[in-house]
file coords-v2.txt (compact mmCIF, C-alpha atoms and all ligand atoms)
# COMPACT_ATOMS: atom_id res chain seq x y z
CA MET A 204 0.00 0.00 0.00
CA ALA A 205 1.32 3.49 -0.83
CA LYS A 206 2.52 5.42 2.20
CA LYS A 207 0.62 8.68 2.76
CA LEU A 208 3.29 11.35 2.95
CA TYR A 209 3.15 14.87 4.34
CA LEU A 210 4.77 17.28 1.89
CA ILE A 211 4.92 20.74 3.34
CA GLY A 212 6.46 23.78 1.68
CA ASN A 213 8.19 26.42 3.78
CA LEU A 214 8.20 29.56 1.67
CA LYS A 215 10.56 31.32 4.12
CA MET A 216 10.92 35.02 3.21
CA ASN A 217 10.14 34.64 -0.48
CA MET A 218 7.54 35.70 -3.06
CA THR A 219 5.76 38.93 -3.87
CA ARG A 220 2.00 39.29 -3.80
CA GLN A 221 1.89 38.92 -7.59
CA GLU A 222 3.88 35.70 -7.42
CA ILE A 223 2.06 34.06 -4.57
CA GLU A 224 -1.47 34.51 -5.96
CA PRO A 225 -1.12 32.04 -8.83
CA TYR A 226 1.17 29.89 -6.70
CA LEU A 227 -1.53 29.31 -4.08
CA ASP A 228 -4.07 28.53 -6.80
CA SER A 229 -1.73 25.80 -8.03
CA VAL A 230 -1.17 24.49 -4.50
CA ALA A 231 -4.96 24.12 -4.08
CA GLU A 232 -5.28 22.27 -7.37
CA VAL A 233 -2.34 19.95 -6.75
CA ALA A 234 -3.45 19.21 -3.17
CA ASN A 235 -6.92 18.25 -4.37
CA ASN A 236 -5.50 15.80 -6.90
CA ALA A 237 -2.68 14.32 -4.82
CA ASN A 238 -2.72 11.14 -2.78
CA ASN A 239 -0.34 12.71 -0.29
CA VAL A 240 -1.09 15.45 2.25
CA VAL A 241 0.03 18.84 0.97
CA GLY A 242 0.77 21.89 3.09
CA VAL A 243 2.34 25.31 2.79
CA CYS A 244 3.66 27.73 5.41
CA VAL A 245 3.51 31.29 4.13
CA PRO A 246 4.88 34.64 5.32
CA PHE A 247 2.36 36.28 7.69
CA VAL A 248 1.32 38.96 5.18
CA TYR A 249 -0.01 36.25 2.84
CA LEU A 250 -1.99 34.31 5.47
CA CYS A 251 -5.21 36.09 4.58
CA MET A 252 -4.72 35.16 0.93
CA ALA A 253 -3.91 31.56 1.86
CA ASN A 254 -7.14 31.46 3.87
CA LYS A 255 -9.14 32.66 0.85
CA LYS A 256 -7.44 30.42 -1.68
CA LEU A 257 -6.85 27.22 0.32
CA SER A 258 -9.57 26.93 2.93
CA ASN A 259 -11.88 25.11 0.50
CA SER A 260 -9.12 22.81 -0.75
CA LYS A 261 -7.41 19.80 0.77
CA ALA A 262 -4.21 21.81 1.31
CA LEU A 263 -3.13 22.53 4.88
CA TYR A 264 -1.64 25.93 5.45
CA GLY A 265 -0.08 28.05 8.13
CA VAL A 266 2.86 30.17 9.14
CA GLN A 267 6.55 29.91 9.96
CA ASN A 268 6.61 31.26 13.51
CA MET A 269 4.43 32.93 16.12
CA ASN A 270 4.87 34.65 19.48
CA SER A 271 3.79 32.68 22.52
CA LYS A 272 1.99 35.66 24.12
CA GLU A 273 -1.65 36.40 23.39
CA SER A 274 -1.36 40.19 23.06
CA GLY A 275 0.54 43.14 24.43
CA ALA A 276 3.50 45.44 23.90
CA TYR A 277 5.57 43.21 21.57
CA THR A 278 6.32 45.44 18.62
CA GLY A 279 6.50 43.59 15.34
CA GLU A 280 5.24 40.26 16.67
CA ILE A 281 2.23 38.12 15.71
CA SER A 282 0.19 36.38 18.39
CA PRO A 283 -1.39 32.92 18.31
CA LYS A 284 -4.78 34.55 18.84
CA MET A 285 -4.45 36.61 15.65
CA LEU A 286 -3.74 33.48 13.63
CA GLN A 287 -7.08 31.96 14.65
CA ASP A 288 -9.13 34.21 12.40
CA PHE A 289 -7.42 32.93 9.26
CA GLY A 290 -8.01 29.20 9.51
CA THR A 291 -4.38 28.55 10.43
CA LYS A 292 -3.54 24.88 10.87
CA LEU A 293 0.26 24.64 10.73
CA VAL A 294 2.84 26.63 12.70
CA ILE A 295 6.54 25.92 12.18
CA ILE A 296 8.27 26.14 15.55
CA GLY A 297 11.99 26.35 16.24
CA HIS A 298 13.23 26.34 12.65
CA SER A 299 17.06 26.37 12.74
CA GLU A 300 17.08 29.74 10.98
CA ARG A 301 15.09 31.16 13.89
CA ARG A 302 17.20 29.35 16.47
CA GLN A 303 20.42 30.65 14.86
CA MET A 304 19.43 34.17 13.80
CA TYR A 305 16.64 35.14 16.19
CA ASN A 306 17.76 33.55 19.45
CA GLU A 307 15.06 30.91 19.73
CA THR A 308 15.94 28.44 22.46
CA ASP A 309 14.73 25.00 23.42
CA ALA A 310 12.74 26.71 26.19
CA SER A 311 10.97 29.10 23.81
CA VAL A 312 10.31 26.22 21.42
CA ASN A 313 8.74 24.27 24.27
CA GLU A 314 6.56 27.21 25.28
CA LYS A 315 5.44 27.84 21.70
CA ASN A 316 4.60 24.16 21.20
CA LYS A 317 2.33 24.29 24.26
CA VAL A 318 0.63 27.50 23.18
CA ALA A 319 0.17 26.33 19.57
CA LEU A 320 -1.42 23.09 20.78
CA SER A 321 -3.73 24.98 23.13
CA TYR A 322 -5.01 26.94 20.12
CA GLY A 323 -5.59 23.75 18.14
CA TYR A 324 -2.75 24.35 15.70
CA THR A 325 -0.34 21.65 14.58
CA PRO A 326 3.18 22.66 15.61
CA ILE A 327 5.84 21.54 13.16
CA MET A 328 8.73 21.33 15.61
CA CYS A 329 12.12 21.48 13.88
CA PHE A 330 15.35 20.02 15.24
CA GLY A 331 18.74 19.06 13.86
CA GLU A 332 22.46 19.25 14.45
CA THR A 333 25.16 21.55 13.06
CA ILE A 334 28.02 20.28 10.93
CA ASP A 335 30.43 20.68 13.87
CA GLU A 336 28.20 18.58 16.11
CA ARG A 337 28.03 15.85 13.46
CA GLU A 338 31.77 15.88 12.83
CA GLN A 339 32.40 15.54 16.57
CA GLY A 340 29.95 12.65 16.79
CA ARG A 341 27.56 14.65 18.95
CA GLU A 342 24.52 14.56 16.63
CA PHE A 343 22.59 12.04 18.72
CA ASP A 344 23.15 13.99 21.97
CA ARG A 345 22.08 17.24 20.32
CA VAL A 346 18.95 15.70 18.84
CA ARG A 347 18.05 14.01 22.13
CA SER A 348 18.26 17.27 24.07
CA GLN A 349 16.31 19.26 21.48
CA ILE A 350 13.54 16.66 21.48
CA GLU A 351 13.43 16.18 25.25
CA LEU A 352 13.36 19.90 26.02
CA GLY A 353 10.97 20.69 23.15
CA ILE A 354 8.31 18.25 24.34
CA ASP A 355 8.82 18.72 28.08
CA GLY A 356 5.47 18.80 29.86
CA LEU A 357 3.46 17.63 26.84
CA THR A 358 1.15 14.61 26.94
CA ALA A 359 1.08 11.59 24.65
CA GLU A 360 -2.01 13.06 22.98
CA ASP A 361 -0.12 16.32 22.38
CA VAL A 362 2.84 14.68 20.67
CA LYS A 363 0.54 12.55 18.53
CA ARG A 364 -1.04 15.77 17.24
CA MET A 365 2.31 17.33 16.37
CA ILE A 366 4.54 17.09 13.33
CA PHE A 367 8.30 16.88 13.89
CA ALA A 368 10.90 17.78 11.29
CA TYR A 369 14.51 16.64 11.32
CA GLU A 370 16.44 19.31 9.48
CA PRO A 371 20.21 18.88 9.75
CA ILE A 372 21.52 22.44 9.61
CA TRP A 373 24.34 21.51 7.25
CA ALA A 374 21.79 20.32 4.67
CA ILE A 375 19.52 23.36 4.64
CA GLY A 376 19.79 25.48 1.52
CA THR A 377 23.27 24.08 0.87
CA GLY A 378 22.45 21.53 -1.79
CA LYS A 379 24.01 18.92 0.56
CA THR A 380 21.36 16.40 1.46
CA ALA A 381 21.64 13.92 4.26
CA THR A 382 21.81 10.47 2.75
CA SER A 383 18.57 8.57 3.09
CA ASP A 384 20.32 6.28 5.60
CA GLN A 385 21.54 9.24 7.70
CA ALA A 386 18.03 10.73 7.73
CA GLN A 387 16.42 7.41 8.61
CA GLU A 388 18.96 6.79 11.38
CA ILE A 389 18.28 10.09 13.18
CA ILE A 390 14.53 10.04 12.59
CA SER A 391 14.20 6.52 13.95
CA PHE A 392 16.35 7.55 16.96
CA ALA A 393 14.24 10.68 17.60
CA LYS A 394 10.96 8.78 17.25
CA GLY A 395 12.35 6.19 19.69
CA ILE A 396 12.97 8.87 22.34
CA ILE A 397 9.37 10.09 22.10
CA ALA A 398 7.86 6.61 21.83
CA GLU A 399 9.74 5.41 24.91
CA LYS A 400 8.83 8.45 27.00
CA TYR A 401 5.09 8.04 26.38
CA GLY A 402 4.81 4.30 25.84
CA ILE A 403 3.58 4.83 22.27
CA LYS A 404 4.73 3.42 18.94
CA ASN A 405 7.00 4.96 16.28
CA GLU A 406 3.99 4.81 13.95
CA ASP A 407 2.04 7.14 16.26
CA ILE A 408 4.55 9.91 15.56
CA VAL A 409 4.74 11.99 12.37
CA MET A 410 8.30 12.99 11.52
CA LEU A 411 9.53 14.66 8.34
CA TYR A 412 12.93 15.23 6.78
CA GLY A 413 14.02 18.67 5.56
CA GLY A 414 17.21 19.89 3.92
CA SER A 415 17.78 20.18 0.16
CA LEU A 416 14.91 17.81 -0.59
CA LYS A 417 14.29 17.91 -4.33
CA PRO A 418 12.69 15.86 -7.11
CA SER A 419 15.90 13.90 -7.73
CA ASN A 420 16.29 12.64 -4.13
CA ALA A 421 12.68 12.60 -2.90
CA THR A 422 11.86 8.96 -3.67
CA ASP A 423 15.04 7.65 -2.07
CA ILE A 424 14.60 9.64 1.15
CA LEU A 425 10.82 9.40 1.47
CA SER A 426 10.78 5.64 0.99
CA LYS A 427 12.65 5.13 4.28
CA LYS A 428 10.62 3.37 6.95
CA ASP A 429 10.34 6.08 9.62
CA ILE A 430 10.27 9.13 7.32
CA ASP A 431 6.70 10.39 6.95
CA GLY A 432 7.30 13.20 4.50
CA GLY A 433 9.29 16.33 3.84
CA LEU A 434 9.58 19.97 4.85
CA ILE A 435 10.67 21.64 1.67
CA GLY A 436 12.38 25.01 1.29
CA GLY A 437 14.03 25.95 -2.01
CA ALA A 438 12.31 23.29 -4.11
CA CYS A 439 8.80 24.38 -3.08
CA LEU A 440 9.33 27.79 -4.66
CA LYS A 441 9.21 26.30 -8.14
CA MET A 442 5.75 24.82 -8.59
CA GLU A 443 7.01 22.19 -11.05
CA ASP A 444 9.55 20.88 -8.53
CA PHE A 445 7.11 21.04 -5.62
CA LYS A 446 4.53 19.19 -7.69
CA SER A 447 6.99 16.50 -8.64
CA ILE A 448 7.84 15.93 -4.94
CA ILE A 449 4.13 15.97 -4.02
CA TYR A 450 3.45 13.18 -6.50
CA THR A 451 6.11 10.94 -4.93
CA ASN A 452 4.68 7.48 -4.56
CA VAL A 453 6.45 5.12 -2.17
CA GLU A 454 5.46 1.94 -0.37
P1 LIG B 501 15.87 23.73 1.76
O1 LIG B 501 14.92 22.72 1.16
O2 LIG B 501 15.97 24.99 0.94
O3 LIG B 501 17.20 23.12 2.07
O4 LIG B 501 15.24 24.20 3.15
C1 LIG B 501 14.77 23.25 4.03
C2 LIG B 501 14.06 23.94 5.13
O5 LIG B 501 14.67 24.68 5.89
C3 LIG B 501 12.61 23.73 5.26
O6 LIG B 501 12.13 24.27 6.44

call {"tool": "encode", "arguments": {"input": "coords-v2.txt", "output": "structure tokens"}}
result
Amino acid sequence: MAKKLYLIGNLKMNMTRQEIEPYLDSVAEVANNANNVVGVCVPFVYLCMANKKLSNSKALYGVQNMNSKESGAYTGEISPKMLQDFGTKLVIIGHSERRQMYNETDASVNEKNKVALSYGYTPIMCFGETIDEREQGREFDRVRSQIELGIDGLTAEDVKRMIFAYEPIWAIGTGKTATSDQAQEIISFAKGIIAEKYGIKNEDIVMLYGGSLKPSNATDILSKKDIDGGLIGGACLKMEDFKSIIYTNVE
């Protein structure tokens, strides 16, 4: 039986209004025809448009970050409450670009996961090691601490509602992809940590791979046992490439 994959585009800080209008129309069309689950996380300013164009389609949509506070004097921030009015489903939390450039910590990731879940959103919690950590053989320790701290205080039901994304930092936007075996090894390890903590099964957990995923490597990576889909940066910007990944069919 074909595995149902989650293929979620992270637009990051890309696209003008003129570009994203037809793009979202295509996402709706492709999502309605695909056997896999399709999602897209847009810049905040396009959330209203995503709501109009995708809410009657099978595509899931959402954003790439949020503040954990409900309202107040936080200039330039977007609250979880504001996202409610736009049919938001997905919220990327703790992307490595936010951890590295905007001081997100495991503690803030944990807090945002809790808040996102309380609003009924699906957090897409990102984790992954740096190249230095991998070269020093510390990738498993790093992943373990990110996972343990990120899900601290959550229940089994909470983690079953989440999506996790293993994104090795050295593979993001670099063209260097983790081999399918490297991705499977870490994802199975990370699922094992969560499964053991809650007494649940690996199959109860949804975990994606992200990092230079593209049409030429999608089948190899996505066919691995514990990998449930992909979080796609660069390749989701070109509809033809995104579409080709979305139509991946693996057992
Ligand atoms: P790339 O696919 O561009 O490497 O980005 C991956 C990513 O960061 C998705 O969140």

call {"tool": "closest_residue", "arguments": {"input": "coords-v2.txt", "among": "A:Glu314, A:Glu273, A:Asp355, A:Asp228", "to": "A:Lys400", "atoms": "all atoms listed in the file"}}
result
A:Asp355

call {"tool": "closest_residue", "arguments": {"input": "coords-v2.txt", "among": "A:Ser447, A:Asn259, A:Thr291, A:Ser299", "to": "ligand LIG 501 (chain B)", "atoms": "only C-alpha atoms and all ligand atoms"}}
result
A:Ser299

call {"tool": "residues_near_ligand", "arguments": {"input": "coords-v2.txt", "ligand": "ligand LIG 501 (chain B)", "cutoff": "6 Å", "atoms": "all atoms listed in the file", "output": "ChimeraX atom specification"}}
result
/A:213,374-376,413-416,434-438

call {"tool": "axis_aligned_box", "arguments": {"input": "coords-v2.txt", "around": "stretch 300-313 of chain A", "padding_each_side": "5 Å", "output": "lines of an AutoDock Vina configuration file"}}
result
center_x = 14.6
center_y = 29.7
center_z = 18.6
size_x = 21.7
size_y = 20.9
size_z = 25.2

call {"tool": "atom_distance", "arguments": {"input": "coords-v2.txt", "atom1": "atom CA of A:Ile281", "atom2": "atom CA of A:Ala319"}}
result
12.6 Å

call {"tool": "atom_distance", "arguments": {"input": "coords-v2.txt", "atom1": "atom CA of A:Glu300", "atom2": "atom CA of A:Glu332"}}
result
12.3 Å

call {"tool": "residues_around", "arguments": {"input": "coords-v2.txt", "residues": "A:Asn452", "least_positions_apart": "5", "cutoff": "9 Å", "atoms": "all atoms listed in the file", "output": "list in words"}}
result
Ala205, Lys206, Lys207, Leu208, Asn238, Asn239, Thr422, Leu425 and Ser426 of chain A

call {"tool": "closest_residue", "arguments": {"input": "coords-v2.txt", "among": "A:Ala231, A:Cys251, A:Leu320, A:Ala237", "to": "A:Val266", "atoms": "all atoms listed in the file"}}
result
A:Cys251

call {"tool": "residues_around", "arguments": {"input": "coords-v2.txt", "residues": "stretch 366-373 of chain A", "least_positions_apart": "5", "cutoff": "7 Å", "atoms": "all atoms listed in the file", "output": "PyMOL selection string"}}
result
chain A and resi 299+325-334+390+409-414+434
